[in-house]
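Colleague: Just passing along the structure, written as structure tokens.
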Protein chains: 2
Amino acid sequence: MAHSKEKIIVIGSGPAGFTAGIYLARANLNPLLIEGFMAGGMPGGQLMSTAEVENYPGFANGIDGQKLMGEMRQQAENSGVRMNMVDITSVDFSSRPFTMTDMNGDTYEADSVIISTGANARRLDMDSERQYWMKGISACAVCDGALPIFRNKPLAVIGGGDTALEEAEHLTKFGSKVYIIHRRDEFRGSKILQKRVMEHDKIEILWNKVPEEFYGSNVLEGVKLKDTVTGEISDLIVSGCFQAIGHRPNTSFLGDSVVLDATGYIRTENGVETSVSGVFAAGDVQDPQWRQAIIAAGSGAHAALAAERWLNEHK
Amino acid sequence: MAHSKEKIIVIGSGPAGFTAGIYLARANLNPLLIEGFMAGGMPGGQLMSTAEVENYPGFANGIDGQKLMGEMRQQAENSGVRMNMVDITSVDFSSRPFTMTDMNGDTYEADSVIISTGANARRLDMDSERQYWMKGISACAVCDGALPIFRNKPLAVIGGGDTALEEAEHLTKFGSKVYIIHRRDEFRGSKILQKRVMEHDKIEILWNKVPEEFYGSNVLEGVKLKDTVTGEISDLIVSGCFQAIGHRPNTSFLGDSVVLDATGYIRTENGVETSVSGVFAAGDVQDPQWRQAIIAAGSGAHAALAAERWLNEHK
């Protein structure tokens, strides 16, 4: 079993992780970046399954998600970041230096750690969902709502939490009509938001419904719904279906090493500080709210600068 | 005098302003972006005078500062952001809708405002400083310290605050030696940081000294120093000179409309909320600490999403 001693390790290879790596390498801290293998979805993060990214600033005509992450990865490599494509399976932050173990049993120690393992949108896990993923089905109304294929078309949001309601409100600016498909007969969360959504003349709520099957041609054209009470099947014609059934932060490997919130996100103070001094968190893994690549990247730079300062103070 | 009624106005055209504009336009909020004219330095912000940006994630081989800002501006335009190249000279946030007046006397009203007017590094205002600006003289050690021209060369930091000391510490990783040129005989700020810097074997402090003239060939080769007590002139051979004599946030046009800190930065809570509900701040204008383009861009997206939520709640 190999054992490596590092000054600082970054875990995760999305916009937050690569940006942290770039900043640390440019500060001559010789970081090791653990890219991940399988545990948090594919290395590179959620943008790897995003066709066109139009809201990452710096690309006038947008950029393909995989291409953007390829640029970031190469930039990290050019900056001198060393990378290792394995999953960290357990950590021990209770003594210093911090220690970590990967899927092969190899171990790592480091004076400081930045966790940026991201989060993944929950999926329904249906064949027809996979078929129309990114062809009408999306997990991010803020990212994809403005696409031309959704303009003045009937759209649907699946979910019943605040994110679902906010996304429905957001989509009213684009769609001809917005349905909220919810498996229960009431919403969780903010009453004010519920009131706004229920009173909105473009929004119609379909209670006690779950998707049975998505259908269409090359792109999504509709969804068969099943009533959770009567079992009845109905048909809804929509050009877009936005899933807002929650996100799962990739924090299970952390055990109770740092404080998480009730939904598994890492709790941070001052933006990037976890409950353990010297362990920082950046990007979606500590952001249940906004989940945007550019915010994650900024957060990665922030964590790297805070870690550099911390290392100077603790050597 | 023209008068325009807007839902939301973004003031400022650096990474934070353009990113906010892109997000607002993509949320169909039809934002007006006030690019600025003269008041805060040139439209586009501090990157407009940066030759090569190597730490903005997404460009494997770096990108020219003006080109990056050109891409962002075009992306904002492509997203539907309307722009106006004037300076806002006064604001009134005491009643709603908020009102603003520009340099031509034209007036604007808006339900919500995002302020992202940035900050500028203070300069010494010397001819020889302008001559070697970006040819050995820089205002950002974190941004430029890793450039090959500074490797294993004697370097200097000008200033005596915590930023100057942190930048000196950062530069020890690259330079053969780092001088701190300080006009007084003691430092302000953190005692611990002072101790580290004074004990660092690569750092030498030159007390009571101010630059008299920078000199060199195509690039900086040294600086003549004047002793502030004796008036004596000495010569210091350095390949890089990093100015850390403070930044000036562009907030004078705000008067007392929002709460500023002692050095003129806008105070924010939850990252982007100013003291006035509905007025948000993003980027360097509210960040005395990190001052990085990618952090400013992330902050712009954050402000736009918070403003969208605020507008939904207050319509």
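In the structure tokens, the first chain shown is A, the next is B, and so on; residue numbers restart at 1 for each chain, and ligands run from 1 in the order shown.
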Tell me as a list in words which residues belonging to chain A come within 6 Å of chain B, counting only C-alpha atoms.

Modeller: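 Every residue meeting the condition is included here: Thr19, Arg26, Pro57, Gly58, Phe59, Ala60, Leu68, Glu71, Met72, Gln74, Gln75, Ala146, Ile294, Ile295 and Gly298 of chain A.
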
Colleague: Could you write those residues out with C-alpha atoms, as a short mmCIF file (atom, residue, chain, number, x, y, z; two decimals), in the first residue's frame?

Modeller:
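Written file, part_12.cif:
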data_model
loop_
_atom_site.label_atom_id
_atom_site.label_comp_id
_atom_site.auth_asym_id
_atom_site.auth_seq_id
_atom_site.Cartn_x
_atom_site.Cartn_y
_atom_site.Cartn_z
CA THR A 19 -9.80 26.33 -9.29
CA ARG A 26 0.46 29.07 -8.35
CA PRO A 57 -18.68 34.13 -17.82
CA GLY A 58 -15.82 34.41 -20.30
CA PHE A 59 -17.30 32.65 -23.31
CA ALA A 60 -19.35 35.00 -25.48
CA LEU A 68 -14.89 23.77 -20.22
CA GLU A 71 -9.74 23.45 -20.16
CA MET A 72 -9.83 23.69 -16.37
CA GLN A 74 -5.41 21.21 -18.43
CA GLN A 75 -4.97 24.60 -16.74
CA ALA A 146 -33.57 30.30 -21.17
CA ILE A 294 -19.16 30.10 -11.53
CA ILE A 295 -20.06 30.38 -7.84
CA GLY A 298 -15.08 31.47 -7.01
#

Colleague: Please provide the set of residues having any atom within 10 Å of Gly175 in chain B, restricted to only C-alpha atoms, with same-chain residues fewer than 3 positions apart removed, written as number ranges by chain.

Modeller: B: 145-146, 149-156, 168, 170-172, 178-179, 202-203, 238-240

Colleague: Go ahead and write the residues just picked, all heavy atoms, as a compact mmCIF listing (two decimals), in the first residue's frame.

Modeller:
# COMPACT_ATOMS: atom_id res chain seq x y z
N GLY B 145 2.78 36.83 -9.08
CA GLY B 145 4.01 36.32 -8.47
C GLY B 145 4.59 35.10 -9.14
O GLY B 145 5.81 34.93 -9.20
N ALA B 146 3.71 34.25 -9.70
CA ALA B 146 4.17 32.99 -10.29
C ALA B 146 4.75 33.16 -11.70
O ALA B 146 5.22 32.19 -12.29
CB ALA B 146 3.02 31.99 -10.32
N ILE B 149 9.26 35.54 -15.12
CA ILE B 149 10.25 36.64 -14.99
C ILE B 149 10.63 36.91 -13.53
O ILE B 149 11.62 37.58 -13.28
CB ILE B 149 9.75 37.96 -15.62
CG1 ILE B 149 8.40 38.39 -15.04
CG2 ILE B 149 9.67 37.85 -17.12
CD1 ILE B 149 8.07 39.86 -15.34
N PHE B 150 9.82 36.41 -12.58
CA PHE B 150 10.12 36.68 -11.17
C PHE B 150 10.82 35.52 -10.46
O PHE B 150 11.23 35.63 -9.32
CB PHE B 150 8.84 37.04 -10.41
CG PHE B 150 8.14 38.26 -10.95
CD1 PHE B 150 6.78 38.23 -11.24
CD2 PHE B 150 8.84 39.45 -11.16
CE1 PHE B 150 6.13 39.36 -11.74
CE2 PHE B 150 8.21 40.58 -11.66
CZ PHE B 150 6.85 40.54 -11.95
N ARG B 151 10.99 34.38 -11.15
CA ARG B 151 11.55 33.19 -10.51
C ARG B 151 13.02 33.39 -10.13
O ARG B 151 13.84 33.74 -10.97
CB ARG B 151 11.44 31.97 -11.44
CG ARG B 151 10.03 31.52 -11.70
CD ARG B 151 9.49 30.66 -10.56
NE ARG B 151 8.04 30.53 -10.70
CZ ARG B 151 7.36 29.43 -10.43
NH1 ARG B 151 8.01 28.36 -9.98
NH2 ARG B 151 6.05 29.39 -10.56
N ASN B 152 13.30 33.14 -8.86
CA ASN B 152 14.67 33.22 -8.35
C ASN B 152 15.33 34.57 -8.58
O ASN B 152 16.54 34.67 -8.76
CB ASN B 152 15.53 32.10 -8.96
CG ASN B 152 14.98 30.74 -8.61
OD1 ASN B 152 14.64 30.49 -7.45
ND2 ASN B 152 14.84 29.87 -9.60
N LYS B 153 14.51 35.61 -8.60
CA LYS B 153 15.03 36.97 -8.75
C LYS B 153 14.74 37.73 -7.46
O LYS B 153 13.80 37.41 -6.74
CB LYS B 153 14.33 37.68 -9.92
CG LYS B 153 14.55 37.04 -11.28
CD LYS B 153 15.96 37.32 -11.79
CE LYS B 153 16.27 36.50 -13.05
NZ LYS B 153 15.34 36.77 -14.15
N PRO B 154 15.53 38.77 -7.16
CA PRO B 154 15.19 39.62 -6.02
C PRO B 154 13.93 40.42 -6.33
O PRO B 154 13.78 40.97 -7.42
CB PRO B 154 16.42 40.53 -5.87
CG PRO B 154 17.10 40.50 -7.20
CD PRO B 154 16.77 39.19 -7.85
N LEU B 155 13.01 40.44 -5.35
CA LEU B 155 11.72 41.10 -5.53
C LEU B 155 11.48 42.07 -4.38
O LEU B 155 12.14 41.97 -3.34
CB LEU B 155 10.59 40.06 -5.56
CG LEU B 155 10.75 38.90 -6.56
CD1 LEU B 155 9.64 37.86 -6.35
CD2 LEU B 155 10.72 39.43 -7.99
N ALA B 156 10.55 42.99 -4.57
CA ALA B 156 10.22 43.91 -3.48
C ALA B 156 8.72 44.10 -3.37
O ALA B 156 8.00 44.02 -4.37
CB ALA B 156 10.90 45.26 -3.71
N ALA B 168 4.50 39.62 0.72
CA ALA B 168 5.94 39.32 0.85
C ALA B 168 6.13 37.84 1.15
O ALA B 168 6.97 37.17 0.54
CB ALA B 168 6.54 40.18 1.95
N HIS B 170 4.08 35.39 0.45
CA HIS B 170 3.72 34.68 -0.78
C HIS B 170 4.90 34.69 -1.76
O HIS B 170 5.23 33.67 -2.37
CB HIS B 170 2.49 35.36 -1.38
CG HIS B 170 1.97 34.75 -2.64
ND1 HIS B 170 1.14 33.65 -2.64
CD2 HIS B 170 2.17 35.07 -3.94
CE1 HIS B 170 0.84 33.33 -3.89
NE2 HIS B 170 1.45 34.18 -4.69
N LEU B 171 5.55 35.82 -1.90
CA LEU B 171 6.62 35.97 -2.90
C LEU B 171 7.89 35.22 -2.53
O LEU B 171 8.72 34.93 -3.41
CB LEU B 171 6.93 37.45 -3.13
CG LEU B 171 5.83 38.24 -3.84
CD1 LEU B 171 6.14 39.74 -3.78
CD2 LEU B 171 5.67 37.79 -5.29
N THR B 172 8.08 34.88 -1.26
CA THR B 172 9.28 34.11 -0.89
C THR B 172 9.32 32.76 -1.60
O THR B 172 10.37 32.15 -1.72
CB THR B 172 9.35 33.83 0.64
OG1 THR B 172 8.17 33.13 1.03
CG2 THR B 172 9.47 35.13 1.42
N VAL B 178 13.19 38.71 -0.85
CA VAL B 178 12.06 39.65 -0.93
C VAL B 178 12.30 40.82 0.04
O VAL B 178 12.47 40.61 1.24
CB VAL B 178 10.72 38.96 -0.58
CG1 VAL B 178 9.57 39.97 -0.63
CG2 VAL B 178 10.44 37.80 -1.53
N TYR B 179 12.35 42.02 -0.50
CA TYR B 179 12.47 43.22 0.31
C TYR B 179 11.09 43.80 0.57
O TYR B 179 10.23 43.80 -0.32
CB TYR B 179 13.31 44.29 -0.41
CG TYR B 179 14.72 43.83 -0.72
CD1 TYR B 179 15.01 43.26 -1.96
CD2 TYR B 179 15.74 43.96 0.22
CE1 TYR B 179 16.30 42.82 -2.25
CE2 TYR B 179 17.03 43.53 -0.07
CZ TYR B 179 17.29 42.96 -1.31
OH TYR B 179 18.57 42.53 -1.59
N LYS B 202 14.32 34.81 4.08
CA LYS B 202 14.38 35.37 2.73
C LYS B 202 13.91 36.83 2.67
O LYS B 202 13.98 37.47 1.62
CB LYS B 202 13.49 34.54 1.79
CG LYS B 202 14.22 33.45 1.02
CD LYS B 202 13.29 32.95 -0.07
CE LYS B 202 13.93 31.89 -0.94
NZ LYS B 202 12.96 31.43 -1.96
N ILE B 203 13.33 37.31 3.78
CA ILE B 203 12.74 38.66 3.75
C ILE B 203 13.65 39.66 4.46
O ILE B 203 14.16 39.40 5.55
CB ILE B 203 11.34 38.66 4.42
CG1 ILE B 203 10.38 37.77 3.63
CG2 ILE B 203 10.79 40.08 4.53
CD1 ILE B 203 8.97 37.67 4.20
N VAL B 238 16.11 44.93 -8.20
CA VAL B 238 14.97 44.01 -8.13
C VAL B 238 14.37 43.81 -9.52
O VAL B 238 14.39 44.73 -10.35
CB VAL B 238 13.84 44.51 -7.18
CG1 VAL B 238 14.23 44.36 -5.72
CG2 VAL B 238 13.44 45.95 -7.49
N SER B 239 13.86 42.63 -9.75
CA SER B 239 13.20 42.34 -11.03
C SER B 239 11.69 42.52 -10.94
O SER B 239 11.00 42.55 -11.96
CB SER B 239 13.49 40.91 -11.46
OG SER B 239 14.87 40.73 -11.68
N GLY B 240 11.20 42.59 -9.71
CA GLY B 240 9.76 42.76 -9.54
C GLY B 240 9.47 43.66 -8.36
O GLY B 240 10.18 43.62 -7.36

Colleague: What's the 6 Å shell around Pro31 in chain A, counting only C-alpha atoms, without same-chain residues fewer than 6 positions away, as a PyMOL selection string?

Modeller: chain A and resi 8-9+81

Colleague: Taking N, CA, C and O atoms for each residue, export the selection above as a compact mmCIF listing (two decimals), in the first residue's frame.

Modeller:
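Listed below is the output, part_15.txt:
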# COMPACT_ATOMS: atom_id res chain seq x y z
N ILE A 8 -0.88 19.82 1.11
CA ILE A 8 -2.32 20.07 0.97
C ILE A 8 -2.91 19.19 -0.11
O ILE A 8 -2.30 18.98 -1.16
N ILE A 9 -4.10 18.67 0.18
CA ILE A 9 -4.82 17.81 -0.77
C ILE A 9 -6.17 18.45 -1.08
O ILE A 9 -6.86 18.95 -0.19
N VAL A 81 -0.43 21.19 -10.87
CA VAL A 81 -1.22 20.35 -9.96
C VAL A 81 -0.98 18.88 -10.32
O VAL A 81 -1.07 18.49 -11.47

Colleague: For CA of Arg188 in chain B and CA of Gly160 in chain B, determine how far apart the two atoms are, in Å to one decimal place.

Modeller: 6.5 Å

Colleague: For Ser257 in chain A, please output as a CSV table (one decimal) with N, CA, C and O atoms, in the first residue's frame all residues within 7 Å (counting only C-alpha atoms; exclusion window: fewer than 3 positions along the same chain).

Modeller:
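Result file result26.csv:
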chain,number,residue,atom,x,y,z
A,92,ASP,N,-9.7,10.7,8.4
A,92,ASP,CA,-9.5,10.9,9.8
A,92,ASP,C,-9.0,12.3,10.0
A,92,ASP,O,-7.8,12.6,9.8
A,93,PHE,N,-9.9,13.2,10.5
A,93,PHE,CA,-9.4,14.6,10.7
A,93,PHE,C,-9.3,14.9,12.2
A,93,PHE,O,-9.3,16.0,12.6
A,254,LEU,N,-17.1,11.1,4.4
A,254,LEU,CA,-16.6,12.0,5.5
A,254,LEU,C,-17.0,11.5,6.9
A,254,LEU,O,-16.5,11.9,7.9

Colleague: Which neighbours of Gly41 in chain A fall inside 12 Å, counting only C-alpha atoms, when residues of the same chain fewer than 6 positions from it are skipped, and could you give them as JSON, numbers by chain?

Modeller: {"A": [12, 13, 14, 35, 47, 48, 49, 87, 117, 118, 119, 120, 121, 122, 248, 249, 250]}

Colleague: Write a file of the just-selected residues containing N, CA and C atoms, as an mmCIF file, in the first residue's frame.

Modeller:
data_model
loop_
_atom_site.group_PDB
_atom_site.id
_atom_site.type_symbol
_atom_site.label_atom_id
_atom_site.label_comp_id
_atom_site.auth_asym_id
_atom_site.auth_seq_id
_atom_site.Cartn_x
_atom_site.Cartn_y
_atom_site.Cartn_z
ATOM 1 N N GLY A 12 -11.755 16.350 -5.218
ATOM 2 C CA GLY A 12 -12.833 16.762 -6.116
ATOM 3 C C GLY A 12 -12.301 17.458 -7.345
ATOM 4 N N SER A 13 -12.969 17.254 -8.486
ATOM 5 C CA SER A 13 -12.443 17.772 -9.754
ATOM 6 C C SER A 13 -13.502 18.498 -10.571
ATOM 7 N N GLY A 14 -14.396 19.199 -9.890
ATOM 8 C CA GLY A 14 -15.306 20.111 -10.588
ATOM 9 C C GLY A 14 -14.686 21.499 -10.631
ATOM 10 N N GLU A 35 -8.992 13.338 -8.048
ATOM 11 C CA GLU A 35 -10.046 13.633 -9.027
ATOM 12 C C GLU A 35 -11.353 12.901 -8.786
ATOM 13 N N LEU A 47 -20.867 19.357 -14.856
ATOM 14 C CA LEU A 47 -20.803 19.965 -16.188
ATOM 15 C C LEU A 47 -20.425 18.956 -17.262
ATOM 16 N N MET A 48 -19.867 17.812 -16.856
ATOM 17 C CA MET A 48 -19.479 16.793 -17.837
ATOM 18 C C MET A 48 -20.702 16.249 -18.573
ATOM 19 N N SER A 49 -21.885 16.373 -17.974
ATOM 20 C CA SER A 49 -23.091 15.916 -18.673
ATOM 21 C C SER A 49 -23.954 17.095 -19.121
ATOM 22 N N ASP A 87 -11.098 7.319 -5.716
ATOM 23 C CA ASP A 87 -12.037 7.824 -4.713
ATOM 24 C C ASP A 87 -11.432 7.726 -3.325
ATOM 25 N N THR A 117 -16.184 17.952 -3.392
ATOM 26 C CA THR A 117 -16.668 16.747 -4.068
ATOM 27 C C THR A 117 -18.043 16.931 -4.698
ATOM 28 N N GLY A 118 -18.623 18.138 -4.558
ATOM 29 C CA GLY A 118 -19.834 18.437 -5.295
ATOM 30 C C GLY A 118 -21.096 17.778 -4.773
ATOM 31 N N ALA A 119 -22.112 17.862 -5.595
ATOM 32 C CA ALA A 119 -23.413 17.269 -5.287
ATOM 33 C C ALA A 119 -24.005 16.815 -6.610
ATOM 34 N N ASN A 120 -24.926 15.886 -6.545
ATOM 35 C CA ASN A 120 -25.590 15.453 -7.776
ATOM 36 C C ASN A 120 -27.092 15.586 -7.643
ATOM 37 N N ALA A 121 -27.714 16.000 -8.732
ATOM 38 C CA ALA A 121 -29.174 16.076 -8.743
ATOM 39 C C ALA A 121 -29.729 14.668 -8.628
ATOM 40 N N ARG A 122 -30.723 14.514 -7.762
ATOM 41 C CA ARG A 122 -31.391 13.223 -7.701
ATOM 42 C C ARG A 122 -32.163 12.999 -8.998
ATOM 43 N N ARG A 248 -28.000 15.457 -3.854
ATOM 44 C CA ARG A 248 -27.308 14.632 -2.882
ATOM 45 C C ARG A 248 -25.848 15.084 -2.855
ATOM 46 N N PRO A 249 -25.424 15.762 -1.767
ATOM 47 C CA PRO A 249 -24.009 16.153 -1.685
ATOM 48 C C PRO A 249 -23.139 14.913 -1.473
ATOM 49 N N ASN A 250 -21.956 14.927 -2.065
ATOM 50 C CA ASN A 250 -21.068 13.766 -1.975
ATOM 51 C C ASN A 250 -20.218 13.845 -0.718
#

Colleague: Can you tell me, as a list in words, what residues are no more than 9 Å from range 124-137 of chain B when counting only C-alpha atoms, ignoring any on the same chain fewer than 3 positions away?

Modeller: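 Near range 124-137 of chain B, the qualifying residues are Ser49, Thr50, Ala51, Ile149, Phe150, Pro211, Glu212, Glu213, Phe214, Tyr215, Gly216, Asn218, Val219, Leu220, Glu221, Val238, Ser239, Gly240, Cys241, Phe242, Gln243 and Ile245 of chain B.
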
Colleague: Selected residues, N, CA and C atoms, written as a compact mmCIF listing (two decimals), in the first residue's frame, please.

Modeller:
# COMPACT_ATOMS: atom_id res chain seq x y z
N SER B 49 -6.24 46.28 -17.68
CA SER B 49 -4.82 46.63 -17.72
C SER B 49 -3.95 45.45 -17.28
N THR B 50 -4.48 44.23 -17.46
CA THR B 50 -3.72 43.03 -17.11
C THR B 50 -3.40 42.28 -18.40
N ALA B 51 -2.12 42.05 -18.64
CA ALA B 51 -1.72 41.44 -19.91
C ALA B 51 -2.22 40.00 -19.98
N ILE B 149 9.26 35.54 -15.12
CA ILE B 149 10.25 36.64 -14.99
C ILE B 149 10.63 36.91 -13.53
N PHE B 150 9.82 36.41 -12.58
CA PHE B 150 10.12 36.68 -11.17
C PHE B 150 10.82 35.52 -10.46
N PRO B 211 10.07 54.80 -2.80
CA PRO B 211 10.65 54.77 -4.14
C PRO B 211 10.85 56.19 -4.67
N GLU B 212 12.02 56.41 -5.22
CA GLU B 212 12.31 57.71 -5.82
C GLU B 212 12.19 57.60 -7.35
N GLU B 213 12.69 56.48 -7.88
CA GLU B 213 12.58 56.26 -9.33
C GLU B 213 12.77 54.78 -9.65
N PHE B 214 11.91 54.28 -10.51
CA PHE B 214 12.09 52.92 -11.03
C PHE B 214 12.94 53.02 -12.29
N TYR B 215 13.78 52.01 -12.54
CA TYR B 215 14.60 52.06 -13.75
C TYR B 215 14.77 50.65 -14.33
N GLY B 216 15.28 50.60 -15.57
CA GLY B 216 15.49 49.32 -16.22
C GLY B 216 15.68 49.49 -17.70
N ASN B 218 13.88 47.16 -21.07
CA ASN B 218 12.49 46.89 -21.43
C ASN B 218 11.67 46.53 -20.20
N VAL B 219 12.35 45.91 -19.25
CA VAL B 219 11.68 45.50 -18.01
C VAL B 219 12.38 46.13 -16.82
N LEU B 220 11.70 46.08 -15.70
CA LEU B 220 12.24 46.67 -14.47
C LEU B 220 13.54 45.97 -14.06
N GLU B 221 14.52 46.78 -13.67
CA GLU B 221 15.78 46.21 -13.18
C GLU B 221 16.13 46.69 -11.77
N VAL B 238 16.11 44.93 -8.20
CA VAL B 238 14.97 44.01 -8.13
C VAL B 238 14.37 43.81 -9.52
N SER B 239 13.86 42.63 -9.75
CA SER B 239 13.20 42.34 -11.03
C SER B 239 11.69 42.52 -10.94
N GLY B 240 11.20 42.59 -9.71
CA GLY B 240 9.76 42.76 -9.54
C GLY B 240 9.47 43.66 -8.36
N CYS B 241 8.47 44.49 -8.52
CA CYS B 241 8.09 45.39 -7.44
C CYS B 241 6.56 45.32 -7.31
N PHE B 242 6.09 44.85 -6.15
CA PHE B 242 4.66 44.62 -5.94
C PHE B 242 4.12 45.68 -4.99
N GLN B 243 3.23 46.49 -5.51
CA GLN B 243 2.70 47.57 -4.69
C GLN B 243 1.53 47.08 -3.87
N ILE B 245 -0.06 49.22 -1.36
CA ILE B 245 -0.29 50.44 -0.58
C ILE B 245 -1.78 50.73 -0.47

Colleague: In Å to one decimal, how far is CA of Asp64 in chain A from CA of Gly44 in chain B?

Modeller: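 For CA of Gly44 in chain B relative to CA of Asp64 in chain A, the distance reads 25.1 Å.
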
Colleague: Between CA of Ser116 in chain A and CA of Gln286 in chain A, measure the distance and give it in Å to one decimal.

Modeller: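 CA of Gln286 in chain A lies 8.2 Å from CA of Ser116 in chain A.
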